Amino acid sequence: MLDGARALLARWDETRRAVTGGAHDPTLTVGFQTRIGRGLIPRVTERMAPGWKPRFRQVPWRDPSAGLAGGEVDVAFAWRVAASEPLWVALPSGHRLPGLDEVPFADLEGEPFARCRPRSGRLGTWRGAA
């Protein structure tokens, strides 16, 4: 998909002129369904071609196309579950929750566990937490 996306971006100005009859609207409306995190907006904005101005528009979750299908936005960030997998918990022998097939997440409150450092952005940074 990356090669296709790059080709589309390379033809963006040509396509925009064809659609608008040559008029240049310097605004690119970007749709999203939830908060765009970790500095994505500044990174997108600084990498846009000179003269373009992004306008970000939050679209309700009930629209799976994040505004693309209705023409409300030019491009969109949409998050969808591509796959899921079970989560497991390893407990020491003698733990208060032994032998359960399923453990409600709330039952693990206050237990020490390994997790990513908050806001690390790196999956390999693990530490124990209480």
# chains A, B, ... in the order shown; residues from 1 in each chain; ligands from 1
$ residues_around --residues "Ala69 of chain A" --least-positions-apart "6" --cutoff "12 Å" --atoms "only C-alpha atoms" --output "ChimeraX atom specification"
/A:31,59,63,75-76
$ residues_around --residues "segment 105-110 of chain A" --least-positions-apart "3" --cutoff "12 Å" --atoms "only C-alpha atoms" --output "list in words"
Leu87, Trp88, Val89, Ala90, Leu91, His95, Arg96, Leu97, Leu100, Glu102, Phe113, Ala129 and Ala130 of chain A
$ write_last_selection --atoms "N, CA and C atoms" --output "short mmCIF file (atom, residue, chain, number, x, y, z; two decimals), in the first residue's frame"
data_model
loop_
_atom_site.label_atom_id
_atom_site.label_comp_id
_atom_site.auth_asym_id
_atom_site.auth_seq_id
_atom_site.Cartn_x
_atom_site.Cartn_y
_atom_site.Cartn_z
N LEU A 87 -5.29 -12.18 25.73
CA LEU A 87 -4.26 -11.74 26.65
C LEU A 87 -4.17 -12.78 27.77
N TRP A 88 -2.96 -13.02 28.21
CA TRP A 88 -2.74 -14.01 29.26
C TRP A 88 -2.09 -13.35 30.45
N VAL A 89 -2.28 -13.92 31.59
CA VAL A 89 -1.63 -13.43 32.79
C VAL A 89 -0.99 -14.62 33.50
N ALA A 90 0.25 -14.46 33.89
CA ALA A 90 0.96 -15.51 34.63
C ALA A 90 0.97 -15.13 36.10
N LEU A 91 0.50 -16.02 36.93
CA LEU A 91 0.41 -15.74 38.37
C LEU A 91 1.26 -16.75 39.13
N HIS A 95 -1.15 -17.74 44.46
CA HIS A 95 -1.80 -16.44 44.26
C HIS A 95 -3.28 -16.55 44.60
N ARG A 96 -3.88 -15.44 44.95
CA ARG A 96 -5.29 -15.45 45.34
C ARG A 96 -6.24 -15.77 44.18
N LEU A 97 -5.76 -15.75 42.92
CA LEU A 97 -6.61 -16.04 41.76
C LEU A 97 -6.17 -17.30 41.01
N LEU A 100 -8.19 -20.08 37.62
CA LEU A 100 -9.32 -19.50 36.90
C LEU A 100 -9.06 -19.55 35.40
N GLU A 102 -10.68 -17.56 33.29
CA GLU A 102 -10.74 -16.15 32.90
C GLU A 102 -10.60 -15.29 34.15
N PHE A 113 2.92 -5.69 37.62
CA PHE A 113 2.96 -6.26 36.28
C PHE A 113 4.03 -5.56 35.44
N ALA A 129 5.70 -2.58 37.41
CA ALA A 129 4.83 -1.53 37.95
C ALA A 129 4.00 -2.12 39.07
N ALA A 130 3.68 -1.31 40.01
CA ALA A 130 2.83 -1.76 41.13
C ALA A 130 1.42 -1.30 40.91
#
$ atom_distance --atom1 "atom CA of Gln33 of chain A" --atom2 "atom CA of Gly67 of chain A"
8.9 Å
$ atom_distance --atom1 "atom CA of Pro64 of chain A" --atom2 "atom CA of Val30 of chain A"
14.5 Å
$ closest_residue --among "A:Asp13, A:Pro86, A:Pro42, A:Thr29" --to "Ala66 of chain A" --atoms "only C-alpha atoms"
A:Thr29
$ closest_residue --among "A:Leu2, A:Thr27, A:Phe32, A:Gly99" --to "Leu68 of chain A" --atoms "only C-alpha atoms"
A:Phe32
$ atom_distance --atom1 "atom CA of Glu111 of chain A" --atom2 "atom CA of Ser84 of chain A"
24.2 Å
